[in-house]
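Everything on this sheet refers to the single structure shown next.
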Amino acid sequence: MRIVLFAAFATLLIGFAPVEVKAADGNVELTNQEWSFDGVFGRFDRQQLQRGFQVYREVCSSCHGLDYIAFRNLEAIGYSEDQTKVLASEYIIEECCDDQGDIFDRPAIPADYMPNPYPNDQFARASNNGALPPDLSLMSKARHGGPDYVYSLINGYEEPSAEVEAEMMDGMYYNVAFEGNQIAMAQQLFDDLLEYSDGTPATAEQMATDVAAFLHWAAEPKLEIRKQTGVRVLLFTFVFTVLAYFLKRRIWADIEH
Amino acid sequence: MTGILLAMSYTPHVDYAFQSVERIMRDVNSGWLLRYMHANGASFFFIVVYIHIFRGLFYGSYKSPREVLWWLGVIIMILMMATAFMGYVLPWGQMSFWGATVITNLFSAIPVIGDYIVTLLWGGFSVDNPTLNRFFALHYLLPFVLVGVVVLHIWALHIPGSNNPLGINATAKDKIPFHPYYTAKDAFGLGVFLLAYFTVVFWFPNAMGHTDNYIPANPLSTPAHIVPEWYFLPFYAILRSIDDKLTGVILMFGSLLILFVIPWLDTSRVRSATFRPIFKVLFWVFLADCVMLTWCGAQLAEGLPLLLSRIGTFWYFFHFLVLMPVVGWIETPRPLPTSISTPVVAKPAE
Ligand code: HEM
C-alpha cells in the first residue's frame, strides 16, 4: 500500500514538473504579485476590479476586444443594474437589420457583449503595423504566469541596451516580459494617464496591477464560487474519509493481516 | 456523466466550439464545475489506471491464469487514450487543433493505405469541421464501449479470483467476503482519491492543461511547442526519439501493443516481484524510465532530452523483450509461502 501511494505521488509530481519547466524557458522576466484572489479562500477585490475595468475601457479597449464579457456581467464586479445600463449605453452597436434590410446603429444594452474596436482582423492589423491585438477575455489563462504575466508585460517596458536596440525590428518595442523581448504594442500606461473615480493615485504600477486583476476576473469569473464550493466539498470529503478510515479499522480488527 | 451534461451545451462546429465551451464556463449554471471536473477527471482517471497497471506489473497480475484479464485491461487503456485524445480536440483551442493535426498525421506514415486513413479521419484534406464532428461522435460513443470492456474486465477477474501481493493461489481460508471488508477499505481509498481530485478541480483546475488551449484554434499559426496532455507524454517521447516517422510510429504503437504479449515474455513462474530479487530492482528501474520519458515528452526534441528519450525508448523495449524473459530463467526466486496467512501468522505478535 505504501508503495502504491509513493507511486501515486511520483506520478503526480512528474505530472506537474513539465508545466514549471516550460514556464522558465525564453528570456522572460516575470514579477510575482500578491493577488487578493490567491490562496485557499481568495476573493476578488471589487474596488480593484472596477479600477481595472476603467483602465481597460479608457486605454486598452481602443485596440483590444473583450469578446466574452457582456455589460450585464459587470454586475459581478459591483456595479448596480442601473450603472451597467448607463455604461452600456455609451457604446454603439451595429444591428442587422431594420424593416428595410438596412444596418442601423443603436445604443448597447446590458445583454450586449463588449463591442470589438475593429470590424475585422485585417483592419486591426492594418491599424497596428501588421500586428493583431489579441482578445483579452482569456488572456490571463492563455499565458504562463496568468495575472503576473499581464502585470509584468504592461509594466515591462525598459530602455534596451545599445546592441539590443540595433537589432530591434522597426516598430517594435523592448519588453522584458514578452517572449523574444520585442513586442508590437507600445508602452500604454504612464503615471496619471487617467483619473480613478475612487481617487486612488493612478501610477503606472497601480494601473497595471488593477487591469491585470480585472483581466483575471474576465478570464475566470467563477473563481470565487469555485473556491467557496471547494472548501465545502473538501470538508465533506475529509469527514467522509476519516469516517471510512475508522470504519475500516473496526471491520478489519478481527482479521489477521 | 459530466460528459453527457457537457454535451447538452456543446456545439461541435469549428466556428462555435471554442465559444460554446466558454459559454459553458460562464453562463451555464455550474458549467465551470462540470467542465473542470470532466477535464481533470480524465487526468485522474489516467493516474489511477497507470498506478493500477504498474501494480499489475509488479505483482505479476498478467500471468496465468489472468491473461485475459490483463488483455482486457490493456484494451481499456487504449480505449481511454483514444477517448481522451478526441475529447481534448473538442474545445478547439490551439493545442486541440495542433495536437489533432500531429497525431492524425502519424497515420500517413503507414505505407499504401496511410493517406487514405488520414483522409478518412479528417473527413477532408485537413483537420477541419468534419474532423471535429466525427471526433465528437466517437468521443460520445467510446466511453460506453469502455464501460462494456470494464464489465468484462471485472467478470474476467471473478473467474480466477483476485491476485494478491504474494502472487500465490489463495485457498479458501485466506478469503474474506468483499462486503463489508473491501467495501470499507475502498470507501477509505475513494476518500483519499477524492481529496486529491477535488483539490485540483477547485484550486488548480488548469494546472494539468496547457495555456495555449485557451487560445482559439488557428490553422495559420503553429504554436512554438506542441505538447500533448501529460498522460501521453511518455509515448510522445518514444515517437519523437527516432527521426524516421514510420519507425517512430511503429515504436509508439508497439510500446502499447507489447503489453499484450508480456504474459509470454515473462518466463518466471513466480508472480509477485516480492519474491524476485532481480526483477524487483528492474521494476523500479523501469518505472523510473517511464518517468524520465514523461519528462522528455514535454521538452523540445533536441539535445539532452532527445538523447534521454532515445535511451529511455531503448530501455523500455529492452526491459520487456530481453530482460523479462532472461531474468525469468536465471533468477532464483525466494521460496514462496504456502498460503497467504503463513507470513502473517509467523510475524511476531506486536
Ligand atoms: C472515459 C471517459 C471520458 C474521458 C477520459 C473523457 C475525456 C475528455 C477530455 C480530456 C476532454 C477535454 C477537456 C478539456 O480540456 O476541455 C473532454 C471534453 C469533452 N467531453 Fe469527454 N471524456 C469522457 C467521456 C465523455 C462522455 C461519455 C461524453 C458525452 C456523453 C463526453 C463529452 C465531452 C464533451 C462535450 C467535451 C467538450 C467540452 C469540454 O472541452 O469541456 N465525454 N473529454
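Ordering of the C-alpha cells sets the chain letters (A, B, ...), residue numbers begin anew at 1 in every chain, and ligands are numbered from 1 in the order given.
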Quiz prompt | Residues near Pro325 (chain B), cut-off 8 Å, only C-alpha atoms, skip fewer than 4 positions along chain, as a list in words | solution =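 Near Pro325 (chain B), the qualifying residues are Leu265, Asp266, Thr267, Ser268, Phe320, Leu321 and Trp329 of chain B.
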Would you save the residues of that selection, restricted to N, CA, C and O atoms, as a compact mmCIF listing (two decimals), in the first residue's frame?
```
# COMPACT_ATOMS: atom_id res chain seq x y z
N LEU B 265 6.19 -13.15 -22.44
CA LEU B 265 7.57 -12.70 -22.35
C LEU B 265 8.16 -12.98 -20.98
O LEU B 265 9.35 -13.20 -20.83
N ASP B 266 7.31 -12.93 -19.97
CA ASP B 266 7.81 -13.18 -18.63
C ASP B 266 7.86 -14.68 -18.40
O ASP B 266 6.83 -15.35 -18.33
N THR B 267 9.07 -15.19 -18.29
CA THR B 267 9.22 -16.65 -18.21
C THR B 267 9.21 -17.16 -16.78
O THR B 267 9.21 -18.35 -16.56
N SER B 268 9.24 -16.23 -15.81
CA SER B 268 9.32 -16.69 -14.44
C SER B 268 8.00 -17.32 -14.01
O SER B 268 6.93 -16.86 -14.39
N PHE B 320 11.17 -5.27 -21.69
CA PHE B 320 10.16 -6.29 -21.99
C PHE B 320 10.70 -7.42 -22.84
O PHE B 320 10.40 -8.59 -22.61
N LEU B 321 11.51 -7.06 -23.86
CA LEU B 321 11.88 -8.07 -24.85
C LEU B 321 13.07 -8.92 -24.40
O LEU B 321 13.16 -10.08 -24.76
N TRP B 329 14.59 -16.78 -16.45
CA TRP B 329 15.34 -18.03 -16.45
C TRP B 329 16.41 -18.07 -15.38
O TRP B 329 16.57 -19.04 -14.67
```
Quiz item: Could you write out as JSON, numbers by chain the residues of chain B within 7 Å of chain A, counting only C-alpha atoms?
Solution: {"B": [51, 181, 184, 185, 187, 188, 191, 192, 194, 195, 198, 202, 203, 208, 211, 212, 214, 215, 230, 291, 295, 298, 344]}
Quick one: write out the picked residues with N, CA, C and O atoms as a PDB file, in the first residue's frame?
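Resulting contents of selection.pdb:
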```
ATOM      1  N   ILE B  51      -1.357   3.726 -12.118  1.00  0.00           N
ATOM      2  CA  ILE B  51      -0.935   3.078 -10.872  1.00  0.00           C
ATOM      3  C   ILE B  51      -1.360   1.613 -10.891  1.00  0.00           C
ATOM      4  O   ILE B  51      -0.598   0.706 -10.560  1.00  0.00           O
ATOM      5  N   TYR B 181     -15.666  -6.120   4.066  1.00  0.00           N
ATOM      6  CA  TYR B 181     -14.232  -5.842   4.202  1.00  0.00           C
ATOM      7  C   TYR B 181     -13.714  -4.904   3.128  1.00  0.00           C
ATOM      8  O   TYR B 181     -13.105  -3.884   3.402  1.00  0.00           O
ATOM      9  N   ALA B 184     -15.445  -1.400   2.792  1.00  0.00           N
ATOM     10  CA  ALA B 184     -14.960  -0.437   3.783  1.00  0.00           C
ATOM     11  C   ALA B 184     -13.588   0.097   3.400  1.00  0.00           C
ATOM     12  O   ALA B 184     -13.321   1.287   3.463  1.00  0.00           O
ATOM     13  N   LYS B 185     -12.734  -0.817   2.947  1.00  0.00           N
ATOM     14  CA  LYS B 185     -11.395  -0.385   2.581  1.00  0.00           C
ATOM     15  C   LYS B 185     -11.447   0.542   1.371  1.00  0.00           C
ATOM     16  O   LYS B 185     -10.763   1.572   1.321  1.00  0.00           O
ATOM     17  N   ALA B 187     -13.906   2.407   0.446  1.00  0.00           N
ATOM     18  CA  ALA B 187     -14.512   3.692   0.789  1.00  0.00           C
ATOM     19  C   ALA B 187     -13.440   4.654   1.272  1.00  0.00           C
ATOM     20  O   ALA B 187     -13.406   5.825   0.888  1.00  0.00           O
ATOM     21  N   PHE B 188     -12.531   4.123   2.066  1.00  0.00           N
ATOM     22  CA  PHE B 188     -11.423   4.958   2.530  1.00  0.00           C
ATOM     23  C   PHE B 188     -10.529   5.372   1.360  1.00  0.00           C
ATOM     24  O   PHE B 188     -10.195   6.546   1.204  1.00  0.00           O
ATOM     25  N   GLY B 191     -12.079   8.031  -0.608  1.00  0.00           N
ATOM     26  CA  GLY B 191     -11.994   9.318   0.076  1.00  0.00           C
ATOM     27  C   GLY B 191     -10.658   9.999  -0.182  1.00  0.00           C
ATOM     28  O   GLY B 191     -10.604  11.184  -0.517  1.00  0.00           O
ATOM     29  N   VAL B 192      -9.578   9.241  -0.075  1.00  0.00           N
ATOM     30  CA  VAL B 192      -8.246   9.814  -0.308  1.00  0.00           C
ATOM     31  C   VAL B 192      -8.138  10.320  -1.742  1.00  0.00           C
ATOM     32  O   VAL B 192      -7.663  11.433  -2.006  1.00  0.00           O
ATOM     33  N   LEU B 194     -10.580  11.254  -3.717  1.00  0.00           N
ATOM     34  CA  LEU B 194     -11.412  12.433  -3.936  1.00  0.00           C
ATOM     35  C   LEU B 194     -10.783  13.685  -3.339  1.00  0.00           C
ATOM     36  O   LEU B 194     -10.912  14.778  -3.890  1.00  0.00           O
ATOM     37  N   LEU B 195     -10.099  13.527  -2.216  1.00  0.00           N
ATOM     38  CA  LEU B 195      -9.439  14.686  -1.618  1.00  0.00           C
ATOM     39  C   LEU B 195      -8.444  15.283  -2.613  1.00  0.00           C
ATOM     40  O   LEU B 195      -8.415  16.497  -2.834  1.00  0.00           O
ATOM     41  N   PHE B 198     -10.476  16.729  -5.782  1.00  0.00           N
ATOM     42  CA  PHE B 198     -11.183  17.988  -5.540  1.00  0.00           C
ATOM     43  C   PHE B 198     -10.208  19.144  -5.299  1.00  0.00           C
ATOM     44  O   PHE B 198     -10.495  20.288  -5.659  1.00  0.00           O
ATOM     45  N   PHE B 202     -10.837  22.342  -7.677  1.00  0.00           N
ATOM     46  CA  PHE B 202     -11.285  23.623  -7.146  1.00  0.00           C
ATOM     47  C   PHE B 202     -10.178  24.660  -7.003  1.00  0.00           C
ATOM     48  O   PHE B 202     -10.442  25.840  -6.930  1.00  0.00           O
ATOM     49  N   TRP B 203      -8.920  24.212  -6.935  1.00  0.00           N
ATOM     50  CA  TRP B 203      -7.866  25.220  -6.741  1.00  0.00           C
ATOM     51  C   TRP B 203      -6.844  25.286  -7.869  1.00  0.00           C
ATOM     52  O   TRP B 203      -6.267  26.321  -8.102  1.00  0.00           O
ATOM     53  N   MET B 208      -3.089  21.008 -15.037  1.00  0.00           N
ATOM     54  CA  MET B 208      -2.720  19.885 -15.883  1.00  0.00           C
ATOM     55  C   MET B 208      -2.996  20.173 -17.350  1.00  0.00           C
ATOM     56  O   MET B 208      -2.745  19.351 -18.213  1.00  0.00           O
ATOM     57  N   THR B 211      -1.752  26.185 -21.380  1.00  0.00           N
ATOM     58  CA  THR B 211      -2.295  27.539 -21.553  1.00  0.00           C
ATOM     59  C   THR B 211      -2.728  27.805 -22.989  1.00  0.00           C
ATOM     60  O   THR B 211      -3.685  28.542 -23.205  1.00  0.00           O
ATOM     61  N   ASP B 212      -2.027  27.218 -23.956  1.00  0.00           N
ATOM     62  CA  ASP B 212      -2.373  27.505 -25.349  1.00  0.00           C
ATOM     63  C   ASP B 212      -3.787  27.067 -25.701  1.00  0.00           C
ATOM     64  O   ASP B 212      -4.341  27.516 -26.699  1.00  0.00           O
ATOM     65  N   TYR B 214      -6.356  27.860 -24.291  1.00  0.00           N
ATOM     66  CA  TYR B 214      -7.285  28.974 -24.103  1.00  0.00           C
ATOM     67  C   TYR B 214      -7.179  29.988 -25.237  1.00  0.00           C
ATOM     68  O   TYR B 214      -7.766  31.052 -25.179  1.00  0.00           O
ATOM     69  N   ILE B 215      -6.392  29.650 -26.256  1.00  0.00           N
ATOM     70  CA  ILE B 215      -6.363  30.467 -27.464  1.00  0.00           C
ATOM     71  C   ILE B 215      -7.157  29.703 -28.516  1.00  0.00           C
ATOM     72  O   ILE B 215      -6.914  28.516 -28.712  1.00  0.00           O
ATOM     73  N   TRP B 230      -0.441  15.363 -20.358  1.00  0.00           N
ATOM     74  CA  TRP B 230       0.664  14.691 -19.678  1.00  0.00           C
ATOM     75  C   TRP B 230       0.625  13.178 -19.801  1.00  0.00           C
ATOM     76  O   TRP B 230       1.656  12.527 -19.897  1.00  0.00           O
ATOM     77  N   VAL B 291       9.052   7.500 -16.052  1.00  0.00           N
ATOM     78  CA  VAL B 291       9.010   8.859 -15.527  1.00  0.00           C
ATOM     79  C   VAL B 291       9.908   9.767 -16.368  1.00  0.00           C
ATOM     80  O   VAL B 291       9.531  10.869 -16.761  1.00  0.00           O
ATOM     81  N   TRP B 295       9.033  13.111 -18.783  1.00  0.00           N
ATOM     82  CA  TRP B 295       9.693  14.412 -18.757  1.00  0.00           C
ATOM     83  C   TRP B 295      10.171  14.784 -20.154  1.00  0.00           C
ATOM     84  O   TRP B 295       9.931  15.887 -20.640  1.00  0.00           O
ATOM     85  N   ALA B 298       7.808  16.312 -22.690  1.00  0.00           N
ATOM     86  CA  ALA B 298       7.385  17.700 -22.540  1.00  0.00           C
ATOM     87  C   ALA B 298       8.439  18.672 -23.049  1.00  0.00           C
ATOM     88  O   ALA B 298       8.202  19.865 -23.127  1.00  0.00           O
ATOM     89  N   VAL B 344       1.744 -13.963   7.752  1.00  0.00           N
ATOM     90  CA  VAL B 344       1.060 -13.103   8.706  1.00  0.00           C
ATOM     91  C   VAL B 344       1.134 -13.709  10.097  1.00  0.00           C
ATOM     92  O   VAL B 344       1.483 -13.053  11.079  1.00  0.00           O
TER      93      VAL B 344
END
```
So which residues touch Asp105 (chain A) within 8 Å, counting only C-alpha atoms, skipping near sequence neighbours fewer than 3 positions away, as a PDB file with all heavy atoms, in the first residue's frame?
```
ATOM      1  N   ILE A  92     -22.042  52.105 -29.025  1.00  0.00           N
ATOM      2  CA  ILE A  92     -22.974  51.990 -30.144  1.00  0.00           C
ATOM      3  C   ILE A  92     -22.791  50.609 -30.782  1.00  0.00           C
ATOM      4  O   ILE A  92     -21.677  50.155 -31.019  1.00  0.00           O
ATOM      5  CB  ILE A  92     -22.674  53.073 -31.212  1.00  0.00           C
ATOM      6  CG1 ILE A  92     -22.819  54.472 -30.603  1.00  0.00           C
ATOM      7  CG2 ILE A  92     -23.592  52.905 -32.402  1.00  0.00           C
ATOM      8  CD1 ILE A  92     -24.218  54.800 -30.146  1.00  0.00           C
ATOM      9  N   ILE A  93     -23.905  49.940 -31.014  1.00  0.00           N
ATOM     10  CA  ILE A  93     -23.872  48.618 -31.627  1.00  0.00           C
ATOM     11  C   ILE A  93     -24.486  48.718 -33.020  1.00  0.00           C
ATOM     12  O   ILE A  93     -25.508  49.384 -33.191  1.00  0.00           O
ATOM     13  CB  ILE A  93     -24.719  47.627 -30.792  1.00  0.00           C
ATOM     14  CG1 ILE A  93     -24.174  47.523 -29.374  1.00  0.00           C
ATOM     15  CG2 ILE A  93     -24.817  46.282 -31.474  1.00  0.00           C
ATOM     16  CD1 ILE A  93     -23.138  46.485 -29.167  1.00  0.00           C
ATOM     17  N   GLU A  94     -23.868  48.042 -33.977  1.00  0.00           N
ATOM     18  CA  GLU A  94     -24.480  47.978 -35.311  1.00  0.00           C
ATOM     19  C   GLU A  94     -25.414  46.794 -35.323  1.00  0.00           C
ATOM     20  O   GLU A  94     -25.013  45.671 -35.046  1.00  0.00           O
ATOM     21  CB  GLU A  94     -23.409  47.769 -36.378  1.00  0.00           C
ATOM     22  CG  GLU A  94     -22.675  49.029 -36.745  1.00  0.00           C
ATOM     23  CD  GLU A  94     -21.743  48.796 -37.923  1.00  0.00           C
ATOM     24  OE1 GLU A  94     -21.622  47.637 -38.356  1.00  0.00           O
ATOM     25  OE2 GLU A  94     -21.145  49.776 -38.379  1.00  0.00           O
ATOM     26  N   GLU A  95     -26.655  47.015 -35.668  1.00  0.00           N
ATOM     27  CA  GLU A  95     -27.618  45.926 -35.624  1.00  0.00           C
ATOM     28  C   GLU A  95     -28.106  45.625 -37.035  1.00  0.00           C
ATOM     29  O   GLU A  95     -28.362  46.524 -37.823  1.00  0.00           O
ATOM     30  CB  GLU A  95     -28.798  46.352 -34.722  1.00  0.00           C
ATOM     31  CG  GLU A  95     -29.924  45.375 -34.664  1.00  0.00           C
ATOM     32  CD  GLU A  95     -29.845  44.458 -33.450  1.00  0.00           C
ATOM     33  OE1 GLU A  95     -29.058  44.761 -32.534  1.00  0.00           O
ATOM     34  OE2 GLU A  95     -30.566  43.453 -33.442  1.00  0.00           O
TER      35      GLU A  95
END
```
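Among the residues of region 142-239 of chain A, backbone DSSP assigns strand (DSSP E or B) to Tyr157, Tyr173, Tyr174, Asn175, Gln182 and Ile183 of chain A.
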Quiz item: Can you tell me, as a PyMOL selection string, what residues are no more than 9 Å from His139 (chain B) when counting only C-alpha atoms, ignoring any on the same chain fewer than 3 positions away?
Solution: chain B and resi 82-87+90+134-136+142-143
Can you write just those residues out, N, CA, C and O atoms, as a PDB file, in the first residue's frame?
```
ATOM      1  N   ALA B  82      -7.744   6.828 -26.658  1.00  0.00           N
ATOM      2  CA  ALA B  82      -8.457   7.328 -27.834  1.00  0.00           C
ATOM      3  C   ALA B  82      -9.532   8.321 -27.401  1.00  0.00           C
ATOM      4  O   ALA B  82      -9.686   9.397 -27.982  1.00  0.00           O
ATOM      5  N   THR B  83     -10.278   7.967 -26.353  1.00  0.00           N
ATOM      6  CA  THR B  83     -11.354   8.840 -25.888  1.00  0.00           C
ATOM      7  C   THR B  83     -10.812  10.193 -25.439  1.00  0.00           C
ATOM      8  O   THR B  83     -11.327  11.244 -25.824  1.00  0.00           O
ATOM      9  N   ALA B  84      -9.756  10.145 -24.637  1.00  0.00           N
ATOM     10  CA  ALA B  84      -9.237  11.392 -24.094  1.00  0.00           C
ATOM     11  C   ALA B  84      -8.631  12.248 -25.197  1.00  0.00           C
ATOM     12  O   ALA B  84      -8.789  13.470 -25.209  1.00  0.00           O
ATOM     13  N   PHE B  85      -7.980  11.603 -26.143  1.00  0.00           N
ATOM     14  CA  PHE B  85      -7.393  12.364 -27.251  1.00  0.00           C
ATOM     15  C   PHE B  85      -8.496  13.102 -28.009  1.00  0.00           C
ATOM     16  O   PHE B  85      -8.401  14.300 -28.281  1.00  0.00           O
ATOM     17  N   MET B  86      -9.576  12.389 -28.312  1.00  0.00           N
ATOM     18  CA  MET B  86     -10.642  13.040 -29.072  1.00  0.00           C
ATOM     19  C   MET B  86     -11.366  14.078 -28.227  1.00  0.00           C
ATOM     20  O   MET B  86     -11.803  15.102 -28.734  1.00  0.00           O
ATOM     21  N   GLY B  87     -11.463  13.821 -26.932  1.00  0.00           N
ATOM     22  CA  GLY B  87     -12.085  14.811 -26.053  1.00  0.00           C
ATOM     23  C   GLY B  87     -11.296  16.103 -26.042  1.00  0.00           C
ATOM     24  O   GLY B  87     -11.859  17.197 -26.079  1.00  0.00           O
ATOM     25  N   LEU B  90     -12.099  18.551 -28.699  1.00  0.00           N
ATOM     26  CA  LEU B  90     -13.408  19.210 -28.734  1.00  0.00           C
ATOM     27  C   LEU B  90     -13.414  20.701 -28.388  1.00  0.00           C
ATOM     28  O   LEU B  90     -14.114  21.461 -29.042  1.00  0.00           O
ATOM     29  N   ARG B 134     -16.796  14.197 -36.313  1.00  0.00           N
ATOM     30  CA  ARG B 134     -16.668  12.751 -36.084  1.00  0.00           C
ATOM     31  C   ARG B 134     -15.975  12.471 -34.757  1.00  0.00           C
ATOM     32  O   ARG B 134     -16.289  11.490 -34.098  1.00  0.00           O
ATOM     33  N   PHE B 135     -15.065  13.343 -34.356  1.00  0.00           N
ATOM     34  CA  PHE B 135     -14.431  13.124 -33.058  1.00  0.00           C
ATOM     35  C   PHE B 135     -15.450  13.268 -31.932  1.00  0.00           C
ATOM     36  O   PHE B 135     -15.412  12.537 -30.949  1.00  0.00           O
ATOM     37  N   PHE B 136     -16.363  14.198 -32.088  1.00  0.00           N
ATOM     38  CA  PHE B 136     -17.385  14.370 -31.054  1.00  0.00           C
ATOM     39  C   PHE B 136     -18.246  13.115 -30.952  1.00  0.00           C
ATOM     40  O   PHE B 136     -18.494  12.598 -29.858  1.00  0.00           O
ATOM     41  N   LEU B 142     -17.241   6.053 -27.494  1.00  0.00           N
ATOM     42  CA  LEU B 142     -16.201   5.191 -26.912  1.00  0.00           C
ATOM     43  C   LEU B 142     -16.346   4.945 -25.413  1.00  0.00           C
ATOM     44  O   LEU B 142     -16.125   3.822 -24.957  1.00  0.00           O
ATOM     45  N   PRO B 143     -16.709   5.964 -24.606  1.00  0.00           N
ATOM     46  CA  PRO B 143     -16.846   5.676 -23.176  1.00  0.00           C
ATOM     47  C   PRO B 143     -17.836   4.549 -22.889  1.00  0.00           C
ATOM     48  O   PRO B 143     -17.654   3.785 -21.951  1.00  0.00           O
TER      49      PRO B 143
END
```
Exercise. Just the helix (DSSP H, G or I) stuff from region 107-271 of chain B, please, per backbone DSSP, written as a PyMOL selection string.
Key: chain B and resi 107-109+114-122+129-158+172-174+178-203+211-214+230-240+245-265
Got a sec: who's within 8 Å of region 149-152 of chain A, counting only C-alpha atoms, leaving out chain neighbours fewer than 6 positions off, as an mmCIF file with N, CA, C and O atoms, in the first residue's frame?
```cif
data_model
loop_
_atom_site.group_PDB
_atom_site.id
_atom_site.type_symbol
_atom_site.label_atom_id
_atom_site.label_comp_id
_atom_site.auth_asym_id
_atom_site.auth_seq_id
_atom_site.Cartn_x
_atom_site.Cartn_y
_atom_site.Cartn_z
ATOM 1 N N GLU A 29 11.176 37.787 -17.991
ATOM 2 C CA GLU A 29 11.259 38.076 -16.564
ATOM 3 C C GLU A 29 9.861 38.408 -16.076
ATOM 4 O O GLU A 29 9.237 39.330 -16.564
ATOM 5 N N LEU A 30 9.371 37.643 -15.115
ATOM 6 C CA LEU A 30 8.054 37.947 -14.569
ATOM 7 C C LEU A 30 8.193 38.425 -13.131
ATOM 8 O O LEU A 30 9.039 37.953 -12.389
ATOM 9 N N THR A 31 7.376 39.385 -12.778
ATOM 10 C CA THR A 31 7.351 39.843 -11.397
ATOM 11 C C THR A 31 6.122 39.247 -10.740
ATOM 12 O O THR A 31 5.008 39.440 -11.219
ATOM 13 N N MET A 139 -6.950 36.148 -21.765
ATOM 14 C CA MET A 139 -5.513 36.365 -21.735
ATOM 15 C C MET A 139 -4.876 35.804 -20.464
ATOM 16 O O MET A 139 -3.826 35.182 -20.478
ATOM 17 N N SER A 140 -5.567 35.993 -19.355
ATOM 18 C CA SER A 140 -4.980 35.627 -18.079
ATOM 19 C C SER A 140 -4.827 34.115 -17.929
ATOM 20 O O SER A 140 -4.088 33.645 -17.076
ATOM 21 N N ARG A 143 -1.675 32.459 -20.948
ATOM 22 C CA ARG A 143 -0.226 32.651 -20.882
ATOM 23 C C ARG A 143 0.272 32.101 -19.552
ATOM 24 O O ARG A 143 -0.436 32.189 -18.538
ATOM 25 N N ALA A 177 9.136 41.172 -20.388
ATOM 26 C CA ALA A 177 8.272 40.040 -20.082
ATOM 27 C C ALA A 177 7.824 39.299 -21.337
ATOM 28 O O ALA A 177 7.306 38.197 -21.255
ATOM 29 N N ALA A 208 -1.409 49.022 -13.849
ATOM 30 C CA ALA A 208 -1.052 47.701 -14.384
ATOM 31 C C ALA A 208 -1.589 46.600 -13.479
ATOM 32 O O ALA A 208 -2.144 45.604 -13.943
ATOM 33 N N THR A 209 -1.448 46.796 -12.153
ATOM 34 C CA THR A 209 -1.960 45.799 -11.217
ATOM 35 C C THR A 209 -3.471 45.665 -11.357
ATOM 36 O O THR A 209 -4.017 44.564 -11.430
ATOM 37 N N VAL A 211 -5.502 46.488 -13.857
ATOM 38 C CA VAL A 211 -6.022 45.934 -15.115
ATOM 39 C C VAL A 211 -5.723 44.435 -15.179
ATOM 40 O O VAL A 211 -6.524 43.656 -15.694
ATOM 41 N N ALA A 212 -4.593 44.002 -14.608
ATOM 42 C CA ALA A 212 -4.285 42.569 -14.596
ATOM 43 C C ALA A 212 -5.307 41.820 -13.746
ATOM 44 O O ALA A 212 -5.774 40.743 -14.118
#
```
Exercise. Write out as a list of chain:residue names the residues lying within 7 Å of Phe178 (chain A), counting only C-alpha atoms and excluding same-chain residues fewer than 4 positions away.
Key: A:Val28, A:Leu153, A:Gln182, A:Ile183
Could those selected residues go to a file with all heavy atoms, as a CSV table (one decimal), in the first residue's frame?
```csv
chain,number,residue,atom,x,y,z
A,28,VAL,N,12.3,35.6,-20.5
A,28,VAL,CA,11.2,36.4,-19.9
A,28,VAL,C,11.4,36.6,-18.4
A,28,VAL,O,11.8,35.7,-17.7
A,28,VAL,CB,9.8,35.8,-20.2
A,28,VAL,CG1,9.3,36.2,-21.5
A,28,VAL,CG2,9.8,34.3,-20.0
A,153,LEU,N,4.0,42.3,-18.2
A,153,LEU,CA,4.1,42.7,-19.6
A,153,LEU,C,3.8,44.2,-19.7
A,153,LEU,O,4.5,45.0,-20.3
A,153,LEU,CB,3.1,42.0,-20.5
A,153,LEU,CG,3.1,42.3,-21.9
A,153,LEU,CD1,4.1,41.5,-22.7
A,153,LEU,CD2,1.7,42.0,-22.6
A,182,GLN,N,10.6,41.5,-28.0
A,182,GLN,CA,10.2,42.6,-28.9
A,182,GLN,C,8.7,42.5,-29.1
A,182,GLN,O,8.2,41.5,-29.6
A,182,GLN,CB,10.8,42.4,-30.3
A,182,GLN,CG,12.3,42.6,-30.3
A,182,GLN,CD,12.9,42.7,-31.7
A,182,GLN,OE1,12.2,43.3,-32.6
A,182,GLN,NE2,14.0,42.1,-31.9
A,183,ILE,N,8.0,43.5,-28.8
A,183,ILE,CA,6.5,43.5,-28.9
A,183,ILE,C,6.0,44.6,-29.7
A,183,ILE,O,6.6,45.7,-29.7
A,183,ILE,CB,5.8,43.5,-27.5
A,183,ILE,CG1,4.3,43.3,-27.6
A,183,ILE,CG2,6.2,44.7,-26.7
A,183,ILE,CD1,3.7,42.9,-26.3
```
Quiz item: If you measure from CA of Tyr118 (chain A) to CA of Asp98 (chain A), what distance in Å do you get, rounded to one decimal?
Solution: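 Between these atoms lies a distance of 22.7 Å.
You can rank B:Val327, B:Leu141, B:Leu220, B:Ala109 by their closest distance to ligand 1 using only C-alpha atoms and all ligand atoms, and at the top of that list sits B:Leu141.
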